[in-house]
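Dropping input24.cif in here (mmCIF, C-alpha atoms):
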data_data
loop_
_atom_site.label_atom_id
_atom_site.label_comp_id
_atom_site.auth_asym_id
_atom_site.auth_seq_id
_atom_site.Cartn_x
_atom_site.Cartn_y
_atom_site.Cartn_z
CA MET A 1 14.61 -20.95 -14.59
CA THR A 2 11.92 -19.10 -12.63
CA LYS A 3 8.95 -21.17 -11.45
CA THR A 4 5.60 -19.80 -10.29
CA ALA A 5 2.70 -21.87 -8.98
CA PHE A 6 -0.95 -20.83 -8.71
CA ILE A 7 -3.02 -22.83 -6.19
CA GLY A 8 -6.81 -22.91 -6.38
CA GLU A 9 -9.96 -24.23 -7.97
CA CYS A 10 -11.12 -24.22 -11.58
CA MET A 11 -14.72 -25.21 -12.32
CA ILE A 12 -16.81 -26.14 -15.31
CA GLU A 13 -18.88 -23.16 -16.44
CA ILE A 14 -22.30 -23.33 -18.12
CA SER A 15 -23.48 -20.03 -19.58
CA ALA A 16 -26.65 -19.36 -21.52
CA ALA A 17 -26.10 -18.67 -25.20
CA SER A 18 -28.33 -15.57 -25.00
CA PRO A 19 -29.92 -13.40 -22.27
CA ASN A 20 -33.07 -14.74 -20.66
CA THR A 21 -35.85 -12.23 -21.42
CA SER A 22 -38.75 -14.38 -20.29
CA ALA A 23 -40.40 -14.57 -16.88
CA GLU A 24 -41.28 -18.21 -17.50
CA PRO A 25 -39.18 -20.44 -15.17
CA SER A 26 -38.63 -23.07 -17.85
CA SER A 27 -36.89 -20.45 -20.02
CA ALA A 28 -33.75 -21.08 -17.95
CA PHE A 29 -33.20 -24.11 -20.19
CA GLY A 30 -31.94 -23.85 -23.74
CA PRO A 31 -28.73 -23.55 -25.76
CA ALA A 32 -25.68 -22.98 -23.59
CA LYS A 33 -21.90 -22.73 -23.80
CA LEU A 34 -19.66 -25.06 -21.81
CA SER A 35 -16.35 -23.68 -20.60
CA TYR A 36 -14.21 -23.44 -17.44
CA ALA A 37 -13.10 -20.69 -15.09
CA GLY A 38 -11.45 -19.97 -11.75
CA ASP A 39 -9.89 -16.88 -10.19
CA THR A 40 -6.43 -18.36 -9.71
CA LEU A 41 -6.50 -20.02 -13.13
CA ASN A 42 -7.34 -16.68 -14.75
CA ALA A 43 -4.47 -14.99 -12.89
CA ALA A 44 -2.05 -17.69 -14.04
CA VAL A 45 -3.06 -17.25 -17.68
CA TYR A 46 -2.67 -13.49 -17.53
CA MET A 47 0.72 -13.80 -15.88
CA ALA A 48 1.84 -15.97 -18.78
CA ARG A 49 0.41 -13.60 -21.39
CA ALA A 50 1.72 -10.42 -19.76
CA SER A 51 5.18 -11.92 -19.22
CA LYS A 52 5.40 -12.71 -22.90
CA LEU A 53 4.43 -9.14 -23.87
CA ILE A 54 6.80 -7.49 -21.41
CA VAL A 55 9.75 -9.42 -22.84
CA GLN A 56 8.68 -8.95 -26.47
CA GLN A 57 8.47 -5.20 -25.96
CA GLY A 58 11.95 -5.04 -24.47
CA LYS A 59 10.87 -4.17 -20.95
CA VAL A 60 13.49 -6.49 -19.45
CA ALA A 61 16.89 -4.88 -19.01
CA ALA A 62 19.72 -6.22 -21.14
CA ASN A 63 21.67 -7.19 -18.02
CA ALA A 64 18.66 -8.75 -16.29
CA SER A 65 19.15 -12.00 -14.47
CA SER A 66 17.46 -15.22 -15.56
CA ASN A 67 14.84 -14.54 -12.87
CA GLU A 68 13.80 -11.45 -14.82
CA ARG A 69 13.35 -13.10 -18.18
CA ASN A 70 10.45 -14.97 -19.69
CA ASP A 71 12.12 -18.36 -19.40
CA GLY A 72 10.04 -19.58 -16.49
CA VAL A 73 7.39 -22.15 -15.78
CA ILE A 74 3.90 -21.20 -14.62
CA SER A 75 2.21 -24.15 -12.96
CA TYR A 76 -1.41 -24.56 -11.97
CA VAL A 77 -2.06 -26.53 -8.79
CA THR A 78 -5.47 -28.03 -8.09
CA ALA A 79 -7.23 -31.37 -7.78
CA LEU A 80 -9.43 -32.82 -10.51
CA GLY A 81 -10.86 -36.19 -11.44
CA THR A 82 -9.89 -38.50 -14.27
CA ASP A 83 -13.13 -37.79 -16.17
CA PRO A 84 -13.28 -36.33 -19.71
CA TYR A 85 -14.01 -32.80 -18.45
CA SER A 86 -11.01 -32.83 -16.12
CA GLN A 87 -8.83 -34.08 -18.97
CA ALA A 88 -10.20 -31.38 -21.27
CA MET A 89 -9.38 -28.64 -18.76
CA ILE A 90 -5.82 -29.89 -18.34
CA SER A 91 -5.35 -29.95 -22.11
CA ALA A 92 -6.73 -26.41 -22.46
CA TRP A 93 -4.41 -25.08 -19.75
CA GLN A 94 -1.41 -26.67 -21.44
CA ASN A 95 -2.44 -25.09 -24.74
CA ASP A 96 -2.39 -21.71 -22.96
CA GLY A 97 1.21 -22.26 -21.89
CA LEU A 98 0.62 -23.48 -18.34
CA ASP A 99 2.34 -26.43 -16.74
CA ALA A 100 -0.22 -28.97 -15.45
CA SER A 101 2.20 -31.46 -13.94
CA LEU A 102 1.18 -30.43 -10.40
CA VAL A 103 -2.53 -31.12 -10.92
CA ARG A 104 -3.61 -33.93 -8.59
CA GLN A 105 -6.05 -36.27 -10.34
CA ILE A 106 -8.23 -38.39 -8.05
CA ASP A 107 -10.22 -41.34 -9.38
CA GLY A 108 -13.93 -40.97 -8.74
CA GLU A 109 -13.84 -37.22 -8.06
CA LEU A 110 -15.20 -34.50 -10.33
CA PRO A 111 -14.58 -30.77 -10.84
CA GLY A 112 -17.04 -28.23 -9.47
CA LEU A 113 -19.74 -26.75 -11.68
CA TYR A 114 -21.52 -23.42 -11.91
CA ALA A 115 -24.12 -21.89 -14.22
CA ILE A 116 -24.59 -18.27 -15.29
CA GLN A 117 -27.94 -16.77 -16.22
CA THR A 118 -28.06 -13.28 -17.75
CA ASP A 119 -31.28 -11.26 -17.73
CA ALA A 120 -32.45 -8.71 -20.31
CA SER A 121 -30.60 -5.87 -18.54
CA GLY A 122 -27.31 -7.76 -18.56
CA GLU A 123 -27.40 -8.60 -14.85
CA ARG A 124 -25.89 -12.00 -14.13
CA SER A 125 -26.85 -14.58 -11.52
CA PHE A 126 -24.86 -17.64 -10.51
CA SER A 127 -25.74 -21.14 -9.30
CA TYR A 128 -22.99 -23.37 -7.89
CA TRP A 129 -22.45 -27.11 -7.43
CA ARG A 130 -19.03 -27.23 -5.77
CA GLN A 131 -19.51 -28.75 -2.32
CA ASN A 132 -18.04 -32.08 -3.42
CA ALA A 133 -15.56 -30.71 -5.97
CA ALA A 134 -12.25 -32.52 -6.35
CA ALA A 135 -10.34 -29.31 -5.52
CA ARG A 136 -11.53 -29.61 -1.92
CA GLN A 137 -9.57 -32.85 -1.67
CA LEU A 138 -6.24 -31.33 -2.74
CA LEU A 139 -4.47 -31.82 0.61
CA LYS A 140 -6.26 -34.94 1.84
CA ASN A 141 -4.36 -38.06 2.93
CA GLY A 142 -1.13 -36.24 3.67
CA TYR A 143 -0.76 -34.80 0.17
CA GLU A 144 0.51 -31.47 1.58
CA LYS A 145 3.87 -33.19 2.12
CA THR A 146 3.99 -34.37 -1.48
CA LEU A 147 2.93 -30.97 -2.81
CA GLY A 148 5.37 -29.11 -0.57
CA GLY A 149 8.19 -31.23 -1.96
CA LYS A 150 7.13 -30.54 -5.53
CA LEU A 151 6.95 -26.79 -4.87
CA ALA A 152 10.42 -26.66 -3.32
CA GLY A 153 12.52 -24.40 -5.52
CA TYR A 154 9.57 -22.41 -6.87
CA GLY A 155 10.26 -18.69 -6.76
CA MET A 156 6.67 -17.67 -6.24
CA VAL A 157 3.38 -19.22 -5.09
CA TYR A 158 0.04 -17.45 -5.55
CA LEU A 159 -3.33 -18.25 -3.99
CA SER A 160 -6.58 -16.51 -3.11
CA GLY A 161 -9.24 -16.41 -0.45
CA ILE A 162 -11.16 -18.94 -2.51
CA SER A 163 -8.16 -21.28 -2.33
CA LEU A 164 -8.50 -21.08 1.47
CA ALA A 165 -12.29 -21.16 1.66
CA ILE A 166 -12.77 -24.46 -0.15
CA LEU A 167 -10.57 -26.30 2.37
CA THR A 168 -11.53 -27.65 5.77
CA ASN A 169 -10.04 -26.00 8.85
CA GLU A 170 -7.63 -28.93 9.17
CA ASP A 171 -6.49 -28.67 5.57
CA ARG A 172 -6.10 -24.89 5.80
CA ALA A 173 -3.73 -25.41 8.74
CA LYS A 174 -1.74 -27.85 6.58
CA LEU A 175 -1.61 -25.26 3.79
CA PHE A 176 -0.37 -22.51 6.11
CA ALA A 177 2.36 -24.81 7.43
CA MET A 178 3.42 -25.72 3.91
CA LEU A 179 3.55 -22.05 2.87
CA ALA A 180 5.60 -21.15 5.94
CA THR A 181 8.17 -23.81 5.03
CA LEU A 182 8.32 -22.64 1.42
CA ARG A 183 8.83 -19.01 2.52
CA LYS A 184 11.59 -20.04 4.91
CA ASN A 185 13.37 -21.53 1.93
CA GLY A 186 13.01 -18.43 -0.25
CA THR A 187 9.67 -18.77 -2.04
CA ARG A 188 7.65 -15.56 -2.26
CA VAL A 189 3.97 -15.99 -1.31
CA CYS A 190 1.38 -13.83 -3.09
CA PHE A 191 -2.29 -13.52 -2.15
CA ASP A 192 -5.59 -11.91 -3.08
CA SER A 193 -8.23 -12.23 -0.36
CA ASN A 194 -10.97 -12.17 -3.05
CA HIS A 195 -13.53 -12.58 -0.26
CA ARG A 196 -16.62 -14.60 -1.16
CA PRO A 197 -18.91 -14.75 1.91
CA ARG A 198 -20.98 -17.68 0.66
CA LEU A 199 -17.91 -19.94 0.69
CA TRP A 200 -17.22 -19.44 4.39
CA ALA A 201 -19.05 -20.99 7.34
CA ASP A 202 -19.15 -17.56 8.99
CA THR A 203 -17.33 -14.22 9.03
CA GLN A 204 -15.12 -15.13 11.98
CA THR A 205 -13.77 -18.22 10.22
CA ALA A 206 -12.86 -16.10 7.21
CA THR A 207 -11.15 -13.32 9.17
CA ASP A 208 -9.24 -15.87 11.25
CA ALA A 209 -7.95 -17.47 8.06
CA TYR A 210 -6.91 -14.11 6.62
CA ALA A 211 -5.14 -13.23 9.88
CA ALA A 212 -3.16 -16.47 9.64
CA MET A 213 -2.37 -15.76 5.99
CA ALA A 214 -1.17 -12.15 6.40
CA PRO A 215 2.31 -12.78 7.88
CA LEU A 216 2.95 -15.35 5.15
CA CYS A 217 2.35 -12.81 2.37
CA ASP A 218 5.18 -11.13 0.50
CA ILE A 219 2.72 -9.53 -1.94
CA LEU A 220 -0.95 -8.98 -1.18
CA MET A 221 -3.48 -7.60 -3.71
CA PRO A 222 -6.93 -7.12 -2.14
CA THR A 223 -9.91 -5.25 -3.64
CA PHE A 224 -11.09 -2.29 -1.61
CA ASP A 225 -14.86 -2.89 -1.91
CA ASP A 226 -14.50 -6.45 -0.57
CA GLU A 227 -12.22 -5.34 2.24
CA ALA A 228 -14.35 -2.38 3.28
CA ALA A 229 -17.42 -4.62 3.52
CA LEU A 230 -15.61 -7.24 5.60
CA PHE A 231 -13.29 -5.13 7.77
CA GLY A 232 -14.86 -1.67 7.67
CA ASP A 233 -11.82 0.05 6.13
CA ALA A 234 -12.60 3.71 5.47
CA THR A 235 -10.02 4.20 2.70
CA PRO A 236 -7.72 2.08 0.53
CA ALA A 237 -4.77 3.43 2.55
CA ASP A 238 -6.41 2.14 5.74
CA CYS A 239 -6.84 -1.25 4.08
CA ALA A 240 -3.20 -1.37 3.02
CA LYS A 241 -1.98 -0.35 6.48
CA ARG A 242 -4.14 -2.98 8.21
CA TRP A 243 -2.61 -5.75 6.09
CA LEU A 244 0.88 -4.34 6.54
CA ASP A 245 0.40 -4.19 10.30
CA ALA A 246 -0.73 -7.82 10.18
CA GLY A 247 2.58 -8.82 8.59
CA ALA A 248 2.25 -8.53 4.79
CA GLY A 249 5.29 -7.19 2.94
CA GLU A 250 3.91 -5.37 -0.12
CA VAL A 251 0.23 -4.41 -0.41
CA ILE A 252 -1.54 -3.15 -3.53
CA VAL A 253 -5.20 -2.25 -3.02
CA LYS A 254 -7.25 -2.41 -6.21
CA ASN A 255 -10.16 0.05 -6.42
CA GLY A 256 -11.88 -0.29 -9.77
CA ALA A 257 -11.81 2.91 -11.83
CA LEU A 258 -10.27 4.79 -8.88
CA PRO A 259 -6.52 4.86 -8.12
CA SER A 260 -4.77 1.77 -6.83
CA THR A 261 -2.93 2.33 -3.54
CA TYR A 262 0.35 0.69 -2.57
CA LEU A 263 2.27 0.47 0.68
CA THR A 264 5.29 -1.62 1.65
CA GLN A 265 7.24 -2.59 4.74
CA THR A 266 10.22 -0.67 3.31
CA GLY A 267 8.25 2.59 3.23
CA GLU A 268 7.27 2.82 -0.44
CA THR A 269 3.79 4.31 -0.79
CA GLY A 270 1.67 6.01 -3.42
CA THR A 271 -1.25 5.73 -5.80
CA VAL A 272 -1.58 4.98 -9.51
CA THR A 273 -4.60 6.17 -11.51
CA PRO A 274 -5.91 3.66 -14.07
CA PRO A 275 -6.66 4.63 -17.67
CA LYS A 276 -10.24 5.66 -18.39
CA ILE A 277 -12.32 2.88 -19.94
CA GLU A 278 -15.00 4.15 -22.29
CA ARG A 279 -17.17 1.05 -22.20
CA VAL A 280 -17.18 -1.64 -19.53
CA ILE A 281 -18.62 -4.90 -20.84
CA ASP A 282 -17.62 -7.63 -18.40
CA THR A 283 -15.76 -7.25 -15.10
CA THR A 284 -15.54 -11.01 -14.43
CA SER A 285 -11.76 -11.20 -14.53
CA ALA A 286 -10.74 -7.61 -13.75
CA GLY A 287 -8.97 -8.43 -10.49
CA ASP A 288 -7.52 -11.71 -11.71
CA SER A 289 -5.98 -10.11 -14.80
CA PHE A 290 -4.56 -7.27 -12.67
CA ASN A 291 -2.97 -9.72 -10.25
CA GLY A 292 -1.41 -11.96 -12.87
CA SER A 293 -0.05 -9.02 -14.87
CA TYR A 294 1.30 -7.26 -11.78
CA LEU A 295 3.19 -10.37 -10.73
CA ALA A 296 4.54 -10.77 -14.27
CA ALA A 297 5.92 -7.24 -14.16
CA ARG A 298 7.35 -7.52 -10.65
CA GLN A 299 8.95 -10.87 -11.33
CA GLN A 300 10.70 -9.39 -14.35
CA GLY A 301 12.31 -6.61 -12.34
CA ILE A 302 9.80 -3.79 -12.83
CA ASP A 303 9.21 -1.43 -9.89
CA ILE A 304 5.88 -1.20 -8.09
CA LYS A 305 4.42 1.90 -9.71
CA PRO A 306 5.02 0.98 -13.38
CA ALA A 307 4.04 -2.62 -12.56
CA ILE A 308 0.68 -1.35 -11.32
CA ALA A 309 0.29 0.70 -14.50
CA ILE A 310 0.87 -2.43 -16.60
CA ALA A 311 -1.66 -4.37 -14.51
CA GLN A 312 -4.23 -1.59 -14.83
CA LYS A 313 -3.80 -1.49 -18.59
CA VAL A 314 -4.35 -5.24 -18.87
CA ALA A 315 -7.39 -5.13 -16.58
CA GLY A 316 -8.82 -2.23 -18.61
CA CYS A 317 -8.52 -4.29 -21.77
CA VAL A 318 -10.14 -7.30 -20.12
CA ILE A 319 -13.23 -5.46 -18.85
CA GLY A 320 -13.78 -3.99 -22.30
CA ALA A 321 -14.49 -7.43 -23.76
CA ARG A 322 -16.69 -10.37 -22.90
CA GLY A 323 -15.34 -13.38 -21.05
CA ALA A 324 -12.74 -14.09 -18.40
CA LEU A 325 -9.82 -14.82 -20.75
CA VAL A 326 -9.29 -12.04 -23.28
CA ASP A 327 -6.58 -11.53 -25.89
CA ILE A 328 -4.09 -8.82 -24.79
CA ASP A 329 -1.48 -9.22 -27.52
CA HIS A 330 -2.21 -5.75 -28.95
CA LEU A 331 -1.34 -3.89 -25.75
CA VAL A 332 1.76 -1.68 -25.61
CA PHE A 333 3.34 -0.93 -22.24
CA LYS A 334 5.32 2.19 -21.37
CA PRO A 335 9.02 1.72 -20.59
CA PRO A 336 9.28 0.96 -16.86
CA HIS A 337 11.70 2.23 -14.25
CA ARG A 338 13.88 -0.11 -12.21
CA LYS A 339 15.16 1.31 -8.95
CA THR A 340 15.25 -2.03 -7.19
CA ARG A 341 15.18 -5.63 -8.28
CA PHE A 342 12.42 -8.06 -7.38
CA ILE A 343 14.46 -10.33 -5.16
CA ALA A 344 14.10 -13.09 -2.60
CA ASN A 345 11.79 -12.64 0.33
CA LYS A 346 14.67 -12.69 2.77
CA THR A 347 14.91 -8.89 2.31
CA ARG A 348 12.18 -8.60 4.94
CA PRO A 349 11.75 -10.38 8.24
CA GLY A 350 9.36 -13.29 8.67
#
What does the file become when written as structure tokens?
Amino acid sequence: MTKTAFIGECMIEISAASPNTSAEPSSAFGPAKLSYAGDTLNAAVYMARASKLIVQQGKVAANASSNERNDGVISYVTALGTDPYSQAMISAWQNDGLDASLVRQIDGELPGLYAIQTDASGERSFSYWRQNAAARQLLKNGYEKTLGGKLAGYGMVYLSGISLAILTNEDRAKLFAMLATLRKNGTRVCFDSNHRPRLWADTQTATDAYAAMAPLCDILMPTFDDEAALFGDATPADCAKRWLDAGAGEVIVKNGALPSTYLTQTGETGTVTPPKIERVIDTTSAGDSFNGSYLAARQQGIDIKPAIAIAQKVAGCVIGARGALVDIDHLVFKPPHRKTRFIANKTRPG
């Protein structure tokens, strides 16, 4: 049975029921919707949904191994409290097919919180209360040893730049050590830098963390706009090469409506043009849905180029609807090609 773990933070989300069209400050208050969201959580959900579709549509070869079939477990790893909202999130994740047995619940702690305000033009603004969120305590008190033991035997672990940013320098070092041990024992490590400047003490701290993360990455899925702003990359190909030179194994650079670029340590390279989207409504989970769907396709034996096409199709569906978690059951994927199997990370050095 294939096991995949997503490590990160999921927060409570408060969003206004309708756009704020008034200049009066007090108009920020009023009816609102309470939900939850997080980049790694979104990716986990889309991996589960895309995996189900790929198998239902017969995209897994008849002679595929058990690692290429939808018989796996997708676990979400974070820290929460024991409060009603934490319990509600866990229940919701389980209802979406995720395993929540690796969630660390800490008495007295609470999940982070953020609020979304939307103005008359549709522009959104965010306010965060996450400095004391339970997720920041995930590896405290030696828990990295406990978590590392629980993740032993997992085929894949995914995390993002946000997963790194919410930790202290000391806890990030613990995380890197844990990931290195997992990789040594065959676990593939997947990463999206998903750079959020406001979460980092300064730019140098962020780039140092990414430099430490790069050689641990079997699959890396950055977004070009974020990378160009942080590192000054002139093109997506430059971005991919920089990460590859830093030690990553397989790099897919997302670039919105423009082609995605891929480059690997084994010499595979190319671009894939996404389908044209007539109306973009909400890009909140575009990258997350791409990442989760790409990993679903790769884990089930689909080659890089058709896996990117599947991920682009899912992301295109997601941005054409409102909300982070969108139904994709109606999507139909083209038959993929399989030149090579998605196998253990020991096919590359590191």
Matched chain/residue IDs from the PyMOL selection byres ((chain A and resi 237-240) around 8), as a list in words: Phe224, Glu227, Ala228, Asp233, Ala234, Thr235, Pro236, Lys241, Arg242, Trp243, Leu244, Val251, Ile252, Val253, Thr261, Tyr262 and Leu263 of chain A
Saved selection, atoms kept: C-alpha atoms, as a JSON list (two decimals), keeping the file's coordinate frame:
[["chain", "number", "residue", "atom", "x", "y", "z"],
["A", 224, "PHE", "CA", -11.09, -2.29, -1.61],
["A", 227, "GLU", "CA", -12.22, -5.34, 2.24],
["A", 228, "ALA", "CA", -14.35, -2.38, 3.28],
["A", 233, "ASP", "CA", -11.82, 0.05, 6.13],
["A", 234, "ALA", "CA", -12.60, 3.71, 5.47],
["A", 235, "THR", "CA", -10.02, 4.20, 2.70],
["A", 236, "PRO", "CA", -7.72, 2.08, 0.53],
["A", 241, "LYS", "CA", -1.98, -0.35, 6.48],
["A", 242, "ARG", "CA", -4.14, -2.98, 8.21],
["A", 243, "TRP", "CA", -2.61, -5.75, 6.09],
["A", 244, "LEU", "CA", 0.88, -4.34, 6.54],
["A", 251, "VAL", "CA", 0.23, -4.41, -0.41],
["A", 252, "ILE", "CA", -1.54, -3.15, -3.53],
["A", 253, "VAL", "CA", -5.20, -2.25, -3.02],
["A", 261, "THR", "CA", -2.93, 2.33, -3.54],
["A", 262, "TYR", "CA", 0.35, 0.69, -2.57],
["A", 263, "LEU", "CA", 2.27, 0.47, 0.68]]
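In this model, the gap between atom CA of Val73 of chain A and atom CA of Leu98 of chain A comes to 7.4 Å.
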Report the residues retrieved by the PyMOL selection byres ((chain A and resi 81) around 8) from the displayed file, expressed as a CSV table (one decimal) with C-alpha atoms, in the coordinates of the input.
chain,number,residue,atom,x,y,z
A,79,ALA,CA,-7.2,-31.4,-7.8
A,80,LEU,CA,-9.4,-32.8,-10.5
A,82,THR,CA,-9.9,-38.5,-14.3
A,83,ASP,CA,-13.1,-37.8,-16.2
A,86,SER,CA,-11.0,-32.8,-16.1
A,105,GLN,CA,-6.0,-36.3,-10.3
A,106,ILE,CA,-8.2,-38.4,-8.0
A,107,ASP,CA,-10.2,-41.3,-9.4
A,108,GLY,CA,-13.9,-41.0,-8.7
A,109,GLU,CA,-13.8,-37.2,-8.1
A,110,LEU,CA,-15.2,-34.5,-10.3
A,111,PRO,CA,-14.6,-30.8,-10.8
A,134,ALA,CA,-12.2,-32.5,-6.4
On this structure, the PyMOL selection byres ((chain A and resi 305) around 9) would catch which residues? List them as a PyMOL selection string, sorted by chain and number. chain A and resi 262+270-272+302-304+306-310+336-337
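Nearest to Ile162 of chain A of all the residues A:Leu179, A:Val103, A:Ala135, A:Ala212 is A:Ala135, based on only C-alpha atoms.
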So how many Å separate atom CA of Gln131 of chain A and atom CA of Trp200 of chain A, to one decimal? 11.7 Å
Could you list, as number ranges by chain, every residue within 9 Å of segment 50-60 of chain A, counting only C-alpha atoms and ignoring same-chain residues fewer than 5 positions away? A: 45, 68-70, 292-297, 299-302, 310-311, 314, 328-329, 331-336
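One finds atom CA of Thr187 of chain A at 22.0 Å from atom CA of Gly267 of chain A.
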Centre and edge lengths of an axis-aligned box around all listed atoms of segment 98-101 of chain A, with 6 Å added on each side, are to be given in Å to one decimal, as JSON.
{"center_x": 1.1, "center_y": -27.5, "center_z": -16.1, "size_x": 14.6, "size_y": 20.0, "size_z": 16.4}
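Residue nearest Leu216 of chain A within the list A:Gly161, A:Gly30, A:Gly249, A:Gly149: A:Gly249 [criterion: smallest interatomic distance, only C-alpha atoms].
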Do you know which residues are at most 6 Å from Cys217 of chain A counting all atoms listed in the file, after dropping those on the same chain fewer than 5 positions away, and could you put them as number ranges by chain? A: 189-190, 248
So that I can check the surroundings of Leu175 of chain A, please list as a PyMOL selection string every protein, DNA and RNA residue that reaches within 10 Å of it, counting only C-alpha atoms and ignoring chain neighbours fewer than 5 positions away. chain A and resi 139+144-145+147-148+163-164+167+169-170+180-181+213
